[in-house]
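Participant: This is the content of entry28.tsv (TSV, C-alpha atoms):
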chain	number	residue	atom	x	y	z
Z	23	MET	CA	12.05	78.14	58.49
Z	24	GLN	CA	13.54	80.86	56.31
Z	25	LEU	CA	14.14	81.09	52.60
Z	26	ALA	CA	17.70	80.26	51.71
Z	27	ALA	CA	19.78	83.15	50.37
Z	28	GLY	CA	19.26	83.51	46.65
Z	29	ALA	CA	16.13	81.34	46.61
Z	30	ALA	CA	13.09	82.74	44.86
Z	31	GLY	CA	9.54	81.89	43.88
Z	32	GLY	CA	7.86	78.48	44.17
Z	33	ASP	CA	11.09	76.50	44.02
Z	34	ALA	CA	12.47	78.21	47.12
Z	35	ALA	CA	14.70	76.03	49.25
Z	36	LEU	CA	14.03	76.11	52.95
Z	37	ALA	CA	16.91	76.69	55.32
Z	38	PRO	CA	16.85	76.34	59.09
Z	39	PRO	CA	16.83	79.63	60.99
Z	40	PRO	CA	20.20	80.77	62.35
Z	41	SER	CA	20.89	79.52	65.86
Z	42	LYS	CA	20.55	81.84	68.82
Z	43	GLY	CA	23.73	83.80	69.26
Z	44	SER	CA	24.80	83.34	65.66
Z	45	GLY	CA	26.45	86.43	64.22
Z	46	PRO	CA	29.05	88.99	65.28
Z	47	ARG	CA	29.43	88.91	69.07
Z	48	LEU	CA	31.00	90.95	71.81
Z	49	PHE	CA	32.18	89.44	75.08
Z	50	CYS	CA	31.45	91.66	78.09
Z	51	GLY	CA	33.54	90.65	81.09
Z	52	HIS	CA	32.98	91.30	84.78
Z	53	VAL	CA	29.39	92.41	84.33
Z	54	PRO	CA	27.81	93.11	87.74
Z	55	LYS	CA	24.43	91.67	88.75
Z	56	GLU	CA	22.80	95.11	88.42
Z	57	ALA	CA	23.26	94.97	84.63
Z	58	THR	CA	20.25	92.99	83.42
Z	59	GLU	CA	19.76	91.49	79.98
Z	60	GLU	CA	17.39	94.35	79.14
Z	61	LEU	CA	19.90	97.02	80.21
Z	62	VAL	CA	22.69	95.39	78.20
Z	63	LYS	CA	20.48	95.14	75.11
Z	64	ALA	CA	19.31	98.76	75.46
Z	65	HIS	CA	22.90	99.95	75.87
Z	66	PHE	CA	24.31	98.17	72.80
Z	67	SER	CA	21.28	98.86	70.59
Z	68	ARG	CA	22.65	102.40	70.15
Z	69	TRP	CA	25.14	100.96	67.66
Z	70	GLY	CA	22.80	98.63	65.79
Z	71	ALA	CA	20.31	95.79	66.09
Z	72	VAL	CA	21.08	93.40	68.96
Z	73	THR	CA	19.72	89.92	68.24
Z	74	ASP	CA	20.71	88.20	71.49
Z	75	VAL	CA	22.16	88.82	74.96
Z	76	TYR	CA	23.36	85.66	76.66
Z	77	PHE	CA	24.43	85.36	80.29
Z	78	PRO	CA	25.84	81.85	80.85
Z	79	ARG	CA	24.90	80.11	84.08
Z	80	HIS	CA	27.08	78.04	86.41
Z	81	LYS	CA	26.46	74.34	85.72
Z	82	LYS	CA	25.94	73.32	89.35
Z	83	THR	CA	24.42	76.37	91.04
Z	84	LEU	CA	22.59	77.74	87.95
Z	85	LYS	CA	23.55	81.23	89.10
Z	86	ARG	CA	24.28	83.78	86.41
Z	87	ARG	CA	27.97	84.06	85.58
Z	88	PRO	CA	29.56	87.55	85.70
Z	89	PHE	CA	29.94	87.96	81.93
Z	90	CYS	CA	27.75	87.96	78.83
Z	91	PHE	CA	27.79	87.75	75.06
Z	92	VAL	CA	26.01	90.37	72.95
Z	93	THR	CA	25.15	89.29	69.39
Z	94	PHE	CA	24.53	91.88	66.69
Z	95	ALA	CA	22.68	91.56	63.39
Z	96	ALA	CA	25.59	93.20	61.50
Z	97	ARG	CA	29.36	93.09	61.95
Z	98	GLY	CA	29.64	96.86	61.46
Z	99	ALA	CA	27.37	97.48	64.45
Z	100	ALA	CA	29.49	95.19	66.65
Z	101	GLU	CA	32.68	96.92	65.52
Z	102	ARG	CA	31.20	100.38	66.22
Z	103	ALA	CA	30.04	99.26	69.67
Z	104	LEU	CA	33.49	97.87	70.43
Z	105	ALA	CA	35.18	101.10	69.34
Z	106	GLU	CA	32.73	103.59	70.85
Z	107	SER	CA	31.16	101.98	73.92
Z	108	PRO	CA	32.46	103.07	77.30
Z	109	LEU	CA	33.35	100.28	79.72
Z	110	SER	CA	29.99	100.62	81.42
Z	111	VAL	CA	26.43	99.51	80.75
Z	112	CYS	CA	23.85	102.15	81.67
Z	113	GLY	CA	26.22	103.58	84.27
Z	114	VAL	CA	27.25	100.19	85.69
Z	115	PRO	CA	31.00	99.62	85.10
Z	116	ILE	CA	32.24	96.50	83.30
Z	117	LYS	CA	35.90	95.49	82.96
Z	118	ASN	CA	36.25	93.94	79.51
Z	119	LEU	CA	34.78	94.29	76.02
Z	120	THR	CA	36.14	92.09	73.23
Z	121	MET	CA	35.03	90.89	69.78
Z	122	VAL	CA	34.70	87.10	69.76
Z	123	GLU	CA	34.21	84.47	67.10
Z	124	ASP	CA	30.75	83.66	65.75
Z	125	ARG	CA	29.19	80.94	67.92
Z	126	ASP	CA	28.18	78.68	64.99
Z	127	LYS	CA	31.62	78.96	63.39
Z	128	TYR	CA	33.33	78.19	66.71
Z	129	TYR	CA	31.32	75.02	67.32
Z	130	LYS	CA	31.56	73.88	63.69
Z	131	GLU	CA	35.36	74.11	63.83
Z	132	LYS	CA	35.50	72.57	67.32
Z	133	HIS	CA	33.42	69.58	66.21
Z	134	ALA	CA	35.41	69.20	62.99
Z	135	ALA	CA	38.66	68.99	64.96
Z	136	ALA	CA	37.17	66.44	67.38
Z	137	ARG	CA	35.81	64.38	64.48
Z	138	ALA	CA	39.20	64.38	62.74
Z	139	ALA	CA	40.92	63.26	65.97
Z	140	LEU	CA	38.37	60.47	66.45
Z	141	LEU	CA	38.77	59.24	62.87
Z	142	ALA	CA	42.57	59.30	63.21
Z	143	ALA	CA	42.36	57.31	66.47
Z	144	LEU	CA	40.02	54.76	64.89
Z	145	ALA	CA	42.28	54.45	61.87
Z	146	SER	CA	45.33	53.85	64.07
Z	147	MET	CA	43.42	51.23	66.08
Z	148	GLY	CA	42.41	49.48	62.88
Z	149	ALA	CA	45.99	49.53	61.60
Z	150	ALA	CA	47.31	48.25	64.92
Z	151	GLY	CA	44.69	45.48	65.23
Here is a file; write its structure as structure tokens.

Facilitator:
Amino acid sequence: MQLAAGAAGGDAALAPPPSKGSGPRLFCGHVPKEATEELVKAHFSRWGAVTDVYFPRHKKTLKRRPFCFVTFAARGAAERALAESPLSVCGVPIKNLTMVEDRDKYYKEKHAAARAALLAALASMGAAG
């Protein structure tokens, strides 16, 4: 647990820690197998603190997919990396580098839209029945 922002002293409110991958993120596309999580983190750490490197896995085969997400501690570091990084990681070429939405924000909005659609469907069923 972490102290909530602005909390102080004995009456400090506890807040859950941020989820893994929460923060400014870069999408790295077409990352070859030679580029390990450690190499990717070392490469992007030149522009600021990297808090997470995530390589999704295929649901059925569990093999690593050919792309990753790099999460930074600060937005400025992610923006610098996007602007200054060559399209390679430690000499291994990649094909795409893009700033993407914060993972927590994406899922919060995705779930809010699904919840609204469900409530609307339930309301229409109740009105029809």

Participant: What gap, in Å, lies between CA of Thr93 in chain Z and CA of Ala105 in chain Z?

Facilitator: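 CA of Ala105 in chain Z lies 15.5 Å from CA of Thr93 in chain Z.
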
Participant: Using Å and a single decimal, report how far CA of Phe77 in chain Z sits from CA of Gly45 in chain Z.

Facilitator: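 For CA of Gly45 in chain Z relative to CA of Phe77 in chain Z, the distance reads 16.2 Å.
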
Participant: What is the CA of Ala99 in chain Z-CA of Val111 in chain Z distance in Å, reported with one decimal?

Facilitator: 16.5 Å

Participant: Please build the interface table for range 44-73 of chain Z against range 106-110 of chain Z with a cut-off of 12 Å, listing for each qualifying residue the nearest atom pair and the distance in Å to one decimal; count only C-alpha atoms, order rows by chain and increasing number, and write it as a Markdown table.

Facilitator:
| residue | atom | partner | partner_atom | distance |
| --- | --- | --- | --- | --- |
| Z:Leu48 | CA | Z:Ser107 | CA | 11.2 |
| Z:Phe49 | CA | Z:Leu109 | CA | 11.8 |
| Z:Cys50 | CA | Z:Leu109 | CA | 9.0 |
| Z:Gly51 | CA | Z:Leu109 | CA | 9.7 |
| Z:His52 | CA | Z:Leu109 | CA | 10.3 |
| Z:Val53 | CA | Z:Ser110 | CA | 8.7 |
| Z:Pro54 | CA | Z:Ser110 | CA | 10.1 |
| Z:Glu56 | CA | Z:Ser110 | CA | 11.4 |
| Z:Ala57 | CA | Z:Ser110 | CA | 9.4 |
| Z:Leu61 | CA | Z:Ser110 | CA | 10.8 |
| Z:Val62 | CA | Z:Ser110 | CA | 9.5 |
| Z:His65 | CA | Z:Ser107 | CA | 8.7 |
| Z:Phe66 | CA | Z:Ser107 | CA | 7.9 |
| Z:Ser67 | CA | Z:Ser107 | CA | 10.9 |
| Z:Arg68 | CA | Z:Ser107 | CA | 9.3 |
| Z:Trp69 | CA | Z:Glu106 | CA | 8.6 |

Participant: Would you mind telling me which residue in Z:Ala100, Z:Ala134, Z:Val114, Z:Ala139 lies nearest to Thr58 in chain Z when using all atoms listed in the file?

Facilitator: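 Looking at the shortest contact to Thr58 in chain Z, the residue is Z:Val114.
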
Participant: Pick the closest to Arg87 in chain Z from Z:Ala135, Z:Thr73, Z:Val122, Z:Lys55: which is it, counting only C-alpha atoms?

Facilitator: Z:Lys55
